[in-house]
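**Q** Sharing final.txt here; it has compact mmCIF, C-alpha atoms and all ligand atoms.
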# COMPACT_ATOMS: atom_id res chain seq x y z
CA MET V 14 -150.53 38.20 39.43
CA THR V 15 -147.59 36.00 38.41
CA ASN V 16 -146.70 33.15 40.76
CA PRO V 17 -143.62 34.45 42.68
CA ALA V 18 -141.96 31.04 42.37
CA THR V 19 -141.73 31.42 38.58
CA ILE V 20 -139.86 34.74 38.68
CA ALA V 21 -136.13 34.28 38.12
CA HIS V 22 -134.80 37.83 37.87
CA LEU V 23 -135.71 41.50 38.21
CA VAL V 24 -134.34 44.18 35.86
CA LEU V 25 -134.65 47.66 37.36
CA PRO V 26 -133.75 50.54 35.02
CA GLU V 27 -134.39 54.25 35.55
CA TRP V 28 -136.51 54.47 32.38
CA LEU V 29 -138.45 51.61 30.79
CA VAL V 30 -139.68 52.04 27.21
CA PRO V 31 -141.97 49.14 26.28
CA VAL V 32 -142.56 50.44 22.68
CA GLN V 33 -146.13 49.19 23.03
CA PRO V 34 -147.97 51.45 24.00
CA HIS V 35 -146.28 53.74 21.50
CA GLY V 36 -144.07 56.45 23.01
CA GLN V 37 -144.65 55.41 26.63
CA VAL V 38 -141.81 56.02 29.13
CA LEU V 39 -142.16 54.41 32.56
CA ARG V 40 -139.96 55.98 35.23
CA ASP V 41 -138.65 53.78 38.07
CA HIS V 42 -140.39 50.66 36.78
CA GLY V 43 -138.92 47.24 36.25
CA VAL V 44 -139.40 43.93 34.50
CA ALA V 45 -139.76 40.55 36.22
CA ILE V 46 -138.33 37.77 34.03
CA THR V 47 -139.78 34.27 34.43
CA GLN V 48 -137.75 31.06 34.56
CA ALA V 49 -139.01 30.33 31.03
CA GLY V 50 -137.34 33.55 29.82
CA THR V 51 -140.56 35.50 29.30
CA ILE V 52 -141.76 38.81 30.70
CA GLY V 53 -143.77 37.92 33.80
CA GLU V 54 -144.55 41.37 35.11
CA ILE V 55 -143.99 45.09 34.45
CA ALA V 56 -144.52 47.19 37.55
CA PRO V 57 -143.13 50.08 39.67
CA ARG V 58 -139.77 49.11 41.16
CA GLN V 59 -140.99 49.40 44.78
CA ALA V 60 -143.87 47.03 44.07
CA LEU V 61 -141.53 44.50 42.43
CA LEU V 62 -139.07 44.70 45.32
CA ALA V 63 -141.87 44.21 47.84
CA GLN V 64 -143.35 41.30 45.94
CA TYR V 65 -140.09 39.50 45.07
CA PRO V 66 -137.69 40.43 47.89
CA ASN V 67 -135.47 37.38 47.43
CA VAL V 68 -135.25 37.30 43.64
CA PRO V 69 -131.85 38.27 42.16
CA ARG V 70 -131.93 41.68 40.50
CA THR V 71 -129.92 43.92 38.21
CA GLU V 72 -130.02 47.62 39.07
CA LEU V 73 -129.55 49.93 36.09
CA PRO V 74 -129.40 53.52 37.40
CA LYS V 75 -129.45 56.24 34.70
CA GLN V 76 -130.14 53.58 32.09
CA ILE V 77 -132.97 53.19 29.61
CA LEU V 78 -134.36 49.68 29.02
CA THR V 79 -135.92 48.89 25.64
CA PRO V 80 -136.84 45.77 23.68
CA GLY V 81 -133.76 44.24 22.02
CA LEU V 82 -133.00 45.94 18.71
CA ILE V 83 -133.60 43.95 15.51
CA ASN V 84 -131.24 44.36 12.56
CA LEU V 85 -133.57 43.63 9.65
CA HIS V 86 -130.89 43.08 7.02
CA THR V 87 -127.34 41.75 7.33
CA HIS V 88 -124.74 39.57 5.66
CA ALA V 89 -122.99 38.84 8.95
CA ALA V 90 -120.12 36.81 7.49
CA MET V 91 -119.01 39.82 5.45
CA SER V 92 -117.43 41.38 8.55
CA LEU V 93 -114.29 39.60 7.26
CA LEU V 94 -114.46 41.80 4.12
CA ARG V 95 -114.91 45.13 5.89
CA GLY V 96 -112.95 47.78 4.02
CA ALA V 97 -111.97 45.37 1.21
CA ALA V 98 -113.95 47.34 -1.37
CA ASP V 99 -114.84 50.98 -0.79
CA ASP V 100 -115.81 53.91 -3.00
CA LEU V 101 -117.47 51.88 -5.75
CA PRO V 102 -121.06 51.74 -7.07
CA LEU V 103 -123.00 48.52 -6.36
CA HIS V 104 -122.53 46.61 -9.61
CA GLN V 105 -118.81 47.40 -9.88
CA TRP V 106 -118.42 46.67 -6.16
CA LEU V 107 -120.05 43.24 -6.63
CA ASN V 108 -118.52 42.26 -9.98
CA THR V 109 -114.95 43.47 -9.59
CA ARG V 110 -114.31 43.05 -5.86
CA ILE V 111 -116.84 41.21 -3.72
CA TRP V 112 -117.78 38.25 -5.91
CA PRO V 113 -114.17 37.43 -6.95
CA LEU V 114 -113.12 37.56 -3.29
CA GLU V 115 -116.09 35.53 -2.09
CA GLY V 116 -115.54 32.98 -4.88
CA LYS V 117 -112.14 32.08 -3.45
CA LEU V 118 -112.65 32.76 0.26
CA VAL V 119 -116.11 31.65 1.29
CA SER V 120 -116.22 28.37 3.18
CA ALA V 121 -117.95 27.01 6.27
CA ASP V 122 -115.10 28.36 8.43
CA PHE V 123 -115.22 31.79 6.78
CA VAL V 124 -118.97 32.09 7.45
CA TYR V 125 -118.70 30.93 11.07
CA ASP V 126 -115.79 33.26 11.86
CA GLY V 127 -117.29 36.27 10.09
CA SER V 128 -120.73 35.71 11.59
CA LEU V 129 -119.34 35.33 15.09
CA LEU V 130 -117.47 38.64 14.79
CA ALA V 131 -120.57 40.35 13.41
CA GLY V 132 -122.81 38.82 16.07
CA ALA V 133 -120.51 39.98 18.85
CA GLU V 134 -120.37 43.48 17.37
CA MET V 135 -124.15 43.64 17.05
CA LEU V 136 -124.78 42.30 20.56
CA LEU V 137 -122.43 44.88 22.05
CA ASN V 138 -124.43 47.49 20.10
CA GLY V 139 -127.72 46.33 21.65
CA VAL V 140 -128.96 44.15 18.78
CA THR V 141 -130.60 40.93 19.99
CA CYS V 142 -131.81 39.58 16.64
CA PHE V 143 -130.49 39.82 13.09
CA ASN V 144 -132.08 38.84 9.80
CA ASP V 145 -129.29 37.44 7.64
CA MET V 146 -128.65 36.37 4.06
CA TYR V 147 -125.57 34.33 3.17
CA PHE V 148 -124.26 30.95 2.09
CA TYR V 149 -123.64 28.25 4.72
CA PRO V 150 -126.60 29.54 6.79
CA GLU V 151 -126.03 26.74 9.32
CA GLN V 152 -122.67 28.34 10.19
CA THR V 153 -124.31 31.72 10.80
CA ALA V 154 -126.82 29.90 12.99
CA ARG V 155 -123.97 28.16 14.84
CA ALA V 156 -122.30 31.50 15.55
CA ALA V 157 -125.56 33.01 16.83
CA ILE V 158 -126.16 30.01 19.10
CA GLN V 159 -122.61 30.31 20.44
CA LEU V 160 -123.33 33.94 21.40
CA GLY V 161 -126.81 33.23 22.81
CA MET V 162 -128.23 35.48 20.10
CA ARG V 163 -131.45 35.33 18.11
CA ALA V 164 -131.08 35.01 14.33
CA GLN V 165 -133.25 34.53 11.29
CA VAL V 166 -130.84 33.05 8.77
CA GLY V 167 -131.66 33.37 5.10
CA ILE V 168 -131.06 30.49 2.70
CA ALA V 169 -129.19 32.51 0.07
CA VAL V 170 -129.90 31.64 -3.55
CA VAL V 171 -128.33 32.91 -6.79
CA GLU V 172 -128.71 31.44 -10.25
CA PHE V 173 -124.99 30.71 -10.72
CA PRO V 174 -122.53 28.28 -9.08
CA THR V 175 -120.41 29.38 -6.08
CA SER V 176 -118.04 27.70 -3.65
CA TYR V 177 -121.19 26.65 -1.73
CA GLY V 178 -123.05 24.85 -4.50
CA THR V 179 -123.86 24.40 -8.15
CA GLY V 180 -127.09 26.40 -8.37
CA PRO V 181 -130.53 27.13 -6.88
CA ALA V 182 -131.56 23.50 -6.36
CA GLU V 183 -128.46 22.72 -4.31
CA TYR V 184 -128.60 26.00 -2.31
CA LEU V 185 -132.21 25.28 -1.38
CA ARG V 186 -131.62 21.62 -0.61
CA LYS V 187 -128.66 22.36 1.69
CA GLY V 188 -130.44 25.27 3.36
CA LEU V 189 -133.61 23.29 4.05
CA GLN V 190 -131.53 20.41 5.42
CA ALA V 191 -129.87 22.86 7.81
CA ARG V 192 -133.32 24.15 8.80
CA ASP V 193 -134.44 20.61 9.62
CA SER V 194 -131.34 19.84 11.64
CA LEU V 195 -131.67 23.05 13.72
CA ARG V 196 -135.42 22.84 14.27
CA GLY V 197 -134.93 22.42 18.03
CA GLU V 198 -132.97 25.67 18.43
CA ALA V 199 -135.34 28.18 20.03
CA LEU V 200 -133.37 31.26 18.94
CA VAL V 201 -132.83 30.34 15.29
CA GLY V 202 -135.24 30.52 12.38
CA PHE V 203 -134.75 30.21 8.63
CA THR V 204 -136.01 32.32 5.73
CA LEU V 205 -135.74 31.99 1.95
CA ALA V 206 -133.32 34.53 0.50
CA PRO V 207 -133.24 34.86 -3.30
CA HIS V 208 -130.45 37.41 -3.72
CA ALA V 209 -132.00 39.88 -6.20
CA PRO V 210 -134.06 40.07 -9.40
CA TYR V 211 -130.85 40.33 -11.49
CA THR V 212 -129.36 37.13 -10.02
CA ILE V 213 -132.51 34.97 -10.01
CA GLY V 214 -134.44 33.51 -12.95
CA ASN V 215 -138.21 33.26 -13.28
CA GLN V 216 -138.46 29.54 -12.51
CA THR V 217 -136.40 29.90 -9.33
CA PHE V 218 -138.56 32.78 -8.10
CA GLN V 219 -141.67 30.66 -8.71
CA ASP V 220 -140.14 27.70 -6.88
CA ILE V 221 -139.24 29.93 -3.93
CA ALA V 222 -142.74 31.47 -3.82
CA SER V 223 -144.22 27.94 -3.68
CA LEU V 224 -141.79 26.82 -0.96
CA SER V 225 -142.62 29.92 1.07
CA GLN V 226 -146.34 29.07 0.98
CA GLU V 227 -145.79 25.39 1.65
CA LEU V 228 -143.37 25.84 4.57
CA GLY V 229 -144.61 29.16 5.97
CA MET V 230 -141.24 30.83 5.46
CA GLN V 231 -140.53 34.56 4.97
CA ILE V 232 -138.71 35.66 1.80
CA ASN V 233 -135.85 38.19 1.82
CA CYS V 234 -134.79 39.77 -1.47
CA HIS V 235 -132.81 42.90 -2.45
CA ILE V 236 -135.28 44.85 -4.60
CA HIS V 237 -134.99 48.09 -6.59
CA GLU V 238 -131.63 48.90 -5.02
CA THR V 239 -130.25 50.80 -8.03
CA LEU V 240 -131.48 52.43 -11.23
CA THR V 241 -129.17 50.07 -13.15
CA GLU V 242 -131.13 47.09 -11.79
CA ILE V 243 -134.41 48.63 -13.00
CA ASN V 244 -133.08 49.65 -16.43
CA ASP V 245 -131.50 46.23 -17.00
CA SER V 246 -134.78 44.54 -16.08
CA ILE V 247 -136.68 46.67 -18.59
CA LYS V 248 -134.12 45.71 -21.26
CA GLU V 249 -134.17 42.00 -20.41
CA HIS V 250 -137.76 41.38 -19.31
CA GLY V 251 -139.62 44.42 -20.62
CA ILE V 252 -140.84 45.32 -17.13
CA ARG V 253 -139.51 46.72 -13.85
CA PRO V 254 -138.41 44.15 -11.23
CA ILE V 255 -141.39 44.62 -8.89
CA ALA V 256 -143.84 44.04 -11.76
CA ARG V 257 -141.89 40.92 -12.69
CA LEU V 258 -141.91 39.64 -9.09
CA ALA V 259 -145.65 40.31 -8.88
CA SER V 260 -146.22 38.23 -12.03
CA LEU V 261 -144.18 35.37 -10.48
CA GLY V 262 -146.12 35.29 -7.19
CA VAL V 263 -143.36 36.68 -5.00
CA ILE V 264 -145.17 39.84 -3.83
CA GLY V 265 -147.04 39.04 -0.60
CA PRO V 266 -147.04 39.52 3.18
CA GLU V 267 -144.16 37.05 3.63
CA LEU V 268 -141.82 39.25 1.55
CA ILE V 269 -139.22 41.53 3.14
CA ALA V 270 -138.11 43.82 0.31
CA ILE V 271 -134.59 44.99 1.05
CA HIS V 272 -133.55 48.55 0.05
CA CYS V 273 -136.41 49.76 -2.24
CA VAL V 274 -134.39 52.88 -3.05
CA HIS V 275 -136.22 53.53 -6.33
CA LEU V 276 -140.00 53.13 -6.16
CA ASN V 277 -142.76 54.98 -8.00
CA GLN V 278 -146.08 55.67 -6.30
CA ALA V 279 -147.83 52.75 -8.04
CA GLU V 280 -145.15 50.38 -6.71
CA ILE V 281 -145.48 51.78 -3.19
CA ASP V 282 -149.26 51.28 -3.41
CA LEU V 283 -148.76 47.70 -4.64
CA LEU V 284 -146.33 46.80 -1.83
CA ALA V 285 -148.73 48.34 0.72
CA LYS V 286 -151.73 46.50 -0.73
CA TYR V 287 -150.00 43.11 -0.53
CA GLY V 288 -148.57 43.65 2.96
CA VAL V 289 -144.90 43.59 1.90
CA SER V 290 -142.41 44.88 4.51
CA ILE V 291 -139.33 46.95 3.67
CA ALA V 292 -135.84 46.73 5.19
CA HIS V 293 -134.34 50.21 4.91
CA CYS V 294 -130.50 50.34 4.84
CA PRO V 295 -129.61 54.02 4.42
CA HIS V 296 -125.84 53.84 5.07
CA SER V 297 -125.29 51.12 2.48
CA ASN V 298 -127.48 52.99 -0.02
CA LEU V 299 -125.50 56.19 0.57
CA LYS V 300 -122.08 54.55 0.50
CA LEU V 301 -122.72 52.66 -2.76
CA ALA V 302 -124.33 55.84 -4.15
CA SER V 303 -127.51 53.88 -4.85
CA GLY V 304 -129.70 56.79 -3.74
CA ILE V 305 -132.13 57.65 -0.96
CA ALA V 306 -135.26 55.55 -0.45
CA PRO V 307 -138.58 57.47 -0.57
CA ILE V 308 -139.27 56.81 3.10
CA PRO V 309 -141.85 59.63 3.56
CA SER V 310 -144.11 58.10 0.86
CA ILE V 311 -143.43 54.57 2.13
CA LEU V 312 -144.48 55.57 5.65
CA SER V 313 -147.61 57.38 4.54
CA SER V 314 -148.67 54.24 2.62
CA GLY V 315 -148.64 52.26 5.89
CA ILE V 316 -145.95 49.78 4.78
CA THR V 317 -144.17 48.08 7.72
CA LEU V 318 -140.64 49.48 7.83
CA GLY V 319 -137.63 48.01 9.61
CA ILE V 320 -134.01 49.12 9.52
CA GLY V 321 -130.92 47.13 8.57
CA THR V 322 -127.21 47.77 8.43
CA ASP V 323 -126.56 45.51 5.41
CA GLY V 324 -123.14 43.79 5.49
CA SER V 325 -119.91 45.24 6.82
CA ALA V 326 -118.44 45.50 3.31
CA SER V 327 -120.95 48.18 2.32
CA ASN V 328 -121.63 50.09 5.54
CA ASN V 329 -118.99 49.57 7.25
CA ARG V 330 -120.55 49.49 10.75
CA LEU V 331 -123.07 47.21 12.39
CA ASP V 332 -124.43 49.94 14.66
CA LEU V 333 -128.21 49.87 14.26
CA LEU V 334 -128.73 52.96 16.44
CA SER V 335 -126.53 55.06 14.14
CA GLU V 336 -128.31 53.57 11.14
CA ALA V 337 -131.70 54.52 12.59
CA ARG V 338 -130.54 58.04 13.40
CA THR V 339 -129.52 58.50 9.76
CA ALA V 340 -132.84 57.03 8.62
CA SER V 341 -134.75 59.55 10.70
CA LEU V 342 -132.61 62.50 9.60
CA LEU V 343 -132.89 61.53 5.91
CA ALA V 344 -136.67 61.19 6.19
CA LYS V 345 -136.91 64.64 7.76
CA GLY V 346 -134.41 66.30 5.44
CA SER V 347 -135.71 64.79 2.22
CA SER V 348 -139.37 65.62 3.00
CA GLY V 349 -139.00 69.04 4.61
CA ASP V 350 -141.12 67.68 7.47
CA ALA V 351 -139.27 67.73 10.80
CA GLN V 352 -142.05 65.74 12.46
CA LEU V 353 -141.42 62.64 10.35
CA MET V 354 -139.79 59.66 12.02
CA SER V 355 -139.79 60.96 15.59
CA ALA V 356 -137.49 59.31 18.11
CA ALA V 357 -140.30 57.05 19.37
CA GLN V 358 -141.32 56.07 15.86
CA THR V 359 -137.70 55.37 14.90
CA LEU V 360 -137.32 53.12 17.94
CA ARG V 361 -140.48 51.25 16.87
CA HIS V 362 -138.98 50.64 13.41
CA MET V 363 -135.93 49.05 15.11
CA THR V 364 -138.06 46.82 17.33
CA LEU V 365 -141.78 46.07 16.94
CA ASP V 366 -142.05 46.88 13.23
CA ALA V 367 -138.99 44.76 12.41
CA ALA V 368 -140.53 41.93 14.46
CA LYS V 369 -143.72 42.29 12.39
CA ALA V 370 -141.71 42.06 9.17
CA LEU V 371 -140.21 38.80 10.45
CA GLY V 372 -143.60 37.47 11.57
CA LEU V 373 -142.24 37.25 15.13
CA HIS V 374 -144.22 40.10 16.75
CA ASP V 375 -146.10 37.71 19.02
CA GLN V 376 -142.72 36.81 20.60
CA ILE V 377 -140.40 39.83 20.37
CA GLY V 378 -140.26 43.55 19.52
CA SER V 379 -141.87 45.06 22.62
CA ILE V 380 -141.79 44.66 26.40
CA GLU V 381 -145.18 43.11 27.01
CA LEU V 382 -146.45 40.39 29.33
CA GLY V 383 -145.79 36.92 27.99
CA LYS V 384 -143.32 37.97 25.28
CA SER V 385 -139.74 36.76 25.29
CA ALA V 386 -137.47 38.78 27.59
CA ASP V 387 -135.24 40.17 24.82
CA LEU V 388 -134.07 43.37 26.50
CA VAL V 389 -131.27 45.91 26.19
CA SER V 390 -130.21 48.72 28.49
CA PHE V 391 -128.33 51.79 27.31
CA ASP V 392 -126.26 53.82 29.73
CA LEU V 393 -127.20 57.52 29.69
CA SER V 394 -125.04 58.45 32.71
CA GLY V 395 -122.19 60.01 30.71
CA PHE V 396 -122.03 63.79 30.32
CA GLN V 397 -122.66 63.31 26.56
CA THR V 398 -126.18 62.09 27.34
CA GLN V 399 -127.02 64.24 30.36
CA PRO V 400 -129.28 65.94 31.32
CA VAL V 401 -132.13 63.78 30.07
CA PHE V 402 -135.17 65.74 28.89
CA ASP V 403 -136.57 62.85 26.88
CA PRO V 404 -134.93 59.41 27.26
CA ILE V 405 -136.16 58.12 23.86
CA SER V 406 -134.75 61.21 22.12
CA GLN V 407 -131.49 60.73 23.99
CA LEU V 408 -131.31 57.12 22.83
CA VAL V 409 -132.15 57.69 19.15
CA PHE V 410 -130.53 61.06 18.50
CA ALA V 411 -127.58 61.17 20.93
CA CYS V 412 -126.47 57.60 21.71
CA THR V 413 -124.43 55.19 19.65
CA GLY V 414 -124.54 51.43 20.01
CA SER V 415 -121.44 51.48 22.20
CA GLN V 416 -123.63 52.75 25.04
CA ALA V 417 -125.42 49.39 25.20
CA HIS V 418 -124.69 48.18 28.72
CA SER V 419 -126.60 44.94 29.37
CA VAL V 420 -128.50 42.56 27.11
CA TRP V 421 -130.91 39.70 27.84
CA ILE V 422 -132.17 37.28 25.19
CA LYS V 423 -135.00 34.91 26.11
CA GLY V 424 -134.29 35.88 29.69
CA GLN V 425 -130.62 34.91 29.55
CA LEU V 426 -128.03 37.57 30.32
CA VAL V 427 -125.65 37.69 27.33
CA VAL V 428 -123.99 41.11 27.79
CA LEU V 429 -123.22 42.69 31.15
CA ASN V 430 -121.38 45.98 31.51
CA ARG V 431 -120.37 45.87 27.81
CA GLN V 432 -118.86 42.36 28.04
CA LEU V 433 -120.07 39.10 26.44
CA VAL V 434 -121.12 36.82 29.28
CA ALA V 435 -122.96 33.89 27.64
CA THR V 436 -121.11 30.65 28.37
CA GLY V 437 -118.23 30.23 25.91
CA ALA V 438 -118.99 33.44 23.98
CA GLN V 439 -115.91 35.43 24.98
CA GLN V 440 -113.70 32.38 24.42
CA ALA V 441 -115.18 31.86 20.95
CA LEU V 442 -114.63 35.53 20.11
CA SER V 443 -110.98 35.31 21.23
CA GLU V 444 -110.43 32.24 19.05
CA VAL V 445 -111.94 33.90 15.99
CA THR V 446 -110.05 37.13 16.61
CA ALA V 447 -106.81 35.12 16.64
CA ARG V 448 -107.63 33.90 13.09
CA LEU V 449 -108.25 37.39 11.67
CA GLY V 450 -104.69 37.69 10.35
CA LEU V 451 -105.12 34.45 8.45
CA TRP V 452 -108.27 35.67 6.70
CA HIS V 453 -106.62 38.99 5.89
CA ASN V 454 -103.62 37.22 4.36
CA ARG V 455 -105.80 34.94 2.26
CA ALA V 456 -107.80 37.88 0.92
CA GLY V 457 -104.56 39.69 0.15
CA GLU V 458 -103.21 36.68 -1.79
CA ILE V 459 -106.40 36.50 -3.87
CA GLU V 460 -106.27 40.22 -4.62
CA SER V 461 -102.63 40.11 -5.70
CA ALA V 462 -103.34 37.08 -7.92
CA VAL V 463 -106.23 38.98 -9.55
CA ALA V 464 -104.09 42.12 -10.01
ZN ZN V 501 -127.65 43.20 1.36
Represent the structure contained in this file as structure tokens.
**A**
Amino acid sequence: MTNPATIAHLVLPEWLVPVQPHGQVLRDHGVAITQAGTIGEIAPRQALLAQYPNVPRTELPKQILTPGLINLHTHAAMSLLRGAADDLPLHQWLNTRIWPLEGKLVSADFVYDGSLLAGAEMLLNGVTCFNDMYFYPEQTARAAIQLGMRAQVGIAVVEFPTSYGTGPAEYLRKGLQARDSLRGEALVGFTLAPHAPYTIGNQTFQDIASLSQELGMQINCHIHETLTEINDSIKEHGIRPIARLASLGVIGPELIAIHCVHLNQAEIDLLAKYGVSIAHCPHSNLKLASGIAPIPSILSSGITLGIGTDGSASNNRLDLLSEARTASLLAKGSSGDAQLMSAAQTLRHMTLDAAKALGLHDQIGSIELGKSADLVSFDLSGFQTQPVFDPISQLVFACTGSQAHSVWIKGQLVVLNRQLVATGAQQALSEVTARLGLWHNRAGEIESAVA
């Protein structure tokens, strides 16, 4: 039994879904959060009320409480480019619109403002942790800290110069400096984020693989997103990108392979054998017409699968629940197997499996004793989500992120009744929102200069 003096708060939903054990739904149970922000107890509500009569509590009638959702792939700062480039395939989208805009616009202020907007949007959609890739990672970290949000920020690397630096050595040096300076921030971690096989040379991949081993850092990389990427690799290197990455030492359990739209069975077997995780981003893949990832084969191989929204310029929403619903429907529809990616399994991909991909599953991803109290409640009281036959089904197949009601991260309340409540968060959001016109004007000036 937990010492009553260490319990700081009780959260009392109608349905509690811990994710571990898989598929379990606890009715009229609650969570006792410790002063350290961990889960101190999971018990029937009457038992908690009897044991901790004087502890402050949050009652959540007709709400489902789950672990905080984890967005396994984002470029948060790109919320400032939402809608700036639609209806284009990936390489045209990057070369003719996104990179020219980013080349002129991206700065520390751009990344902070864009990341704060994205973080607020994700939090209000029930996401407690996002796995990002962008330049100025310390600014993305700053925005997450401001919101009280958990973030794994990727040190983005490309082979060419940008407004952030001259090349790989400078991107890595600046990113690792930021990692050192933010080492004391409990909610922020850093990963290595080589952009993609077509923007990274062999030596840089080898350097990043060595750094990953030396520093114990995860690697995020867009891999096999389009057929063009694969065909270009065969032309340039004589082999497909995954074979090239394997020869350079990048394929291993620390790798989160983003997209993986085009994989043959041998590649799926290789990724499974080496413990690679995959970040599945179906909306971005559909919108850029990249294709549909072979999720049924990926799942049957046992690969750890998480779900990501990708950036706002290719989605254009940061609603992980909607993303996961599409993932489940695509898996069913493309396989002819309606049992694939059930509601409970889909929820696990958004929580515990994503935590495993990040190497954080001992801390987050499920509601279990001793883990961090990263929790979200979704309101099922509206007529659109009543009556409730199966609360997990209602969450995954009927809800959208806007039904997220309250959010705790490391035991701290950061969203209550659909409002940001961490100290200074709403104020920061108002300040950034006031600058939106400025960013829009600057982007417009760049576009008219290009045209
Ligand atoms: Zn991406």
**Q** Which is closer to Lys384 of chain V than all the others in V:Lys423, V:Lys345, V:Arg330, V:His86, using only C-alpha atoms?
**A**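 Smallest separation from Lys384 of chain V among the options: V:Lys423.
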**Q** Tell me which of V:Val289, V:Ala191, V:Ile236, V:Leu334 sits closest to Ala209 of chain V, counting all atoms listed in the file.
**A**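 Under the stated criterion, the closest residue is V:Ile236.
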**Q** Wanna dump the chain V-ligand ZN 501 (chain V) contacts at 8 Å for me, each residue with its shortest atom pair and the distance in Å to one decimal, counting only C-alpha atoms and all ligand atoms, ordered by chain and number, as a tab-separated table?
**A**
residue	atom	partner	partner_atom	distance
V:His86	CA	V:ZN501	ZN	6.5
V:Thr87	CA	V:ZN501	ZN	6.2
V:His88	CA	V:ZN501	ZN	6.3
V:Met146	CA	V:ZN501	ZN	7.4
V:His235	CA	V:ZN501	ZN	6.4
V:Ile271	CA	V:ZN501	ZN	7.2
V:Asp323	CA	V:ZN501	ZN	4.8
V:Gly324	CA	V:ZN501	ZN	6.1
**Q** Pick out the residues sitting within 9 Å of Ile213 of chain V, and hand them over as a PyMOL selection string; count only C-alpha atoms, and ignore anything fewer than 3 positions along from it in its own chain.
**A** chain V and resi 170-173+181+207-210+216-218
**Q** Once you have the residues from the selection above, write them out as a PDB file, keeping the file's coordinate frame, restricted to C-alpha atoms.
**A**
ATOM      1  CA  VAL V 170    -129.900  31.640  -3.550  1.00  0.00           C
ATOM      2  CA  VAL V 171    -128.330  32.910  -6.790  1.00  0.00           C
ATOM      3  CA  GLU V 172    -128.710  31.440 -10.250  1.00  0.00           C
ATOM      4  CA  PHE V 173    -124.990  30.710 -10.720  1.00  0.00           C
ATOM      5  CA  PRO V 181    -130.530  27.130  -6.880  1.00  0.00           C
ATOM      6  CA  PRO V 207    -133.240  34.860  -3.300  1.00  0.00           C
ATOM      7  CA  HIS V 208    -130.450  37.410  -3.720  1.00  0.00           C
ATOM      8  CA  ALA V 209    -132.000  39.880  -6.200  1.00  0.00           C
ATOM      9  CA  PRO V 210    -134.060  40.070  -9.400  1.00  0.00           C
ATOM     10  CA  GLN V 216    -138.460  29.540 -12.510  1.00  0.00           C
ATOM     11  CA  THR V 217    -136.400  29.900  -9.330  1.00  0.00           C
ATOM     12  CA  PHE V 218    -138.560  32.780  -8.100  1.00  0.00           C
TER      13      PHE V 218
END
**Q** Residues within 10 Å of Pro69 of chain V, please, as a list in words. Count all atoms listed in the file; anything in the same chain fewer than 5 positions from it doesn't count.
**A** Ile20, Ala21, His22, Leu23 and Val24 of chain V
**Q** So how far away is atom CA of Ile311 of chain V from atom CA of Leu276 of chain V, in Å?
**A**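 Here the two named atoms are 9.1 Å from each other.
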**Q** Set the distance at 9 Å and use only C-alpha atoms: which residues neighbour Leu136 of chain V once local chain neighbours fewer than 4 positions away are removed? I'd like the list as a ChimeraX atom specification.
**A** /V:131-132,140-142,160,162,417,420,427-428,433
**Q** Work out how far apart atom CA of Leu342 of chain V and atom CA of Ser394 of chain V are and give it in Å to one decimal.
**A**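 Separation of atom CA of Leu342 of chain V and atom CA of Ser394 of chain V: 24.7 Å.
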**Q** So how far away is atom CA of Glu238 of chain V from atom CA of Ser303 of chain V, in Å?
**A**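 For atom CA of Ser303 of chain V relative to atom CA of Glu238 of chain V, the distance reads 6.5 Å.
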**Q** Looking at all atoms listed in the file, which of V:Leu107, V:Val434, V:Val166, V:Leu451 is the one that sits closest to Pro150 of chain V?
**A**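 Nearest to Pro150 of chain V: V:Val166.
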**Q** Counting only C-alpha atoms, which of V:Ser290, V:Ser310, V:Asn277, V:Ser415 gets nearest to Lys369 of chain V?
**A**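 For Lys369 of chain V, the nearest of the candidates is V:Ser290.
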**Q** Give as an MDAnalysis selection string each residue that has an atom at most 7 Å from (-114.6, 37.7, 6.5) in the file, counting all atoms listed in the file.
**A** chainID V and resid 90:94 123 127 452
**Q** Which residue out of V:Thr241, V:Asn215, V:Asn328, V:Thr51 has the minimum interatomic distance to His275 of chain V when only C-alpha atoms are used?
**A**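 Closest to His275 of chain V of all the choices is V:Thr241.
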**Q** If you take all atoms listed in the file and a cut-off of 8 Å, which residues of segment 289-362 of chain V touch segment 402-411 of chain V, and what are their nearest atom pairs and distances in Å to one decimal, in chain and number order, as a tab-separated table?
**A**
residue	atom	partner	partner_atom	distance
V:Leu334	CA	V:Val409	CA	6.4
V:Ser335	CA	V:Val409	CA	8.0
V:Ala337	CA	V:Val409	CA	7.3
V:Arg338	CA	V:Phe410	CA	5.9
V:Ala356	CA	V:Ser406	CA	5.2
V:Ala357	CA	V:Ile405	CA	6.2
V:Thr359	CA	V:Val409	CA	7.4
V:Leu360	CA	V:Val409	CA	7.0
**Q** Selected residues, C-alpha atoms, written as a compact mmCIF listing (two decimals), in the coordinates of the input, please.
**A**
# COMPACT_ATOMS: atom_id res chain seq x y z
CA LEU V 334 -128.73 52.96 16.44
CA SER V 335 -126.53 55.06 14.14
CA ALA V 337 -131.70 54.52 12.59
CA ARG V 338 -130.54 58.04 13.40
CA ALA V 356 -137.49 59.31 18.11
CA ALA V 357 -140.30 57.05 19.37
CA THR V 359 -137.70 55.37 14.90
CA LEU V 360 -137.32 53.12 17.94
**Q** Set the distance at 7 Å and use all atoms listed in the file: which residues neighbour Gly116 of chain V once local chain neighbours fewer than 4 positions away are removed? I'd like the list as an MDAnalysis selection string.
**A** chainID V and resid 112 175:176
**Q** Rank V:Ala206, V:Leu382, V:Ala154, V:Leu85 by their smallest atom-to-atom distance to Thr47 of chain V, using all atoms listed in the file, and report the top residue only.
**A**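 Checking each candidate against Thr47 of chain V, we get V:Leu382 as the closest.
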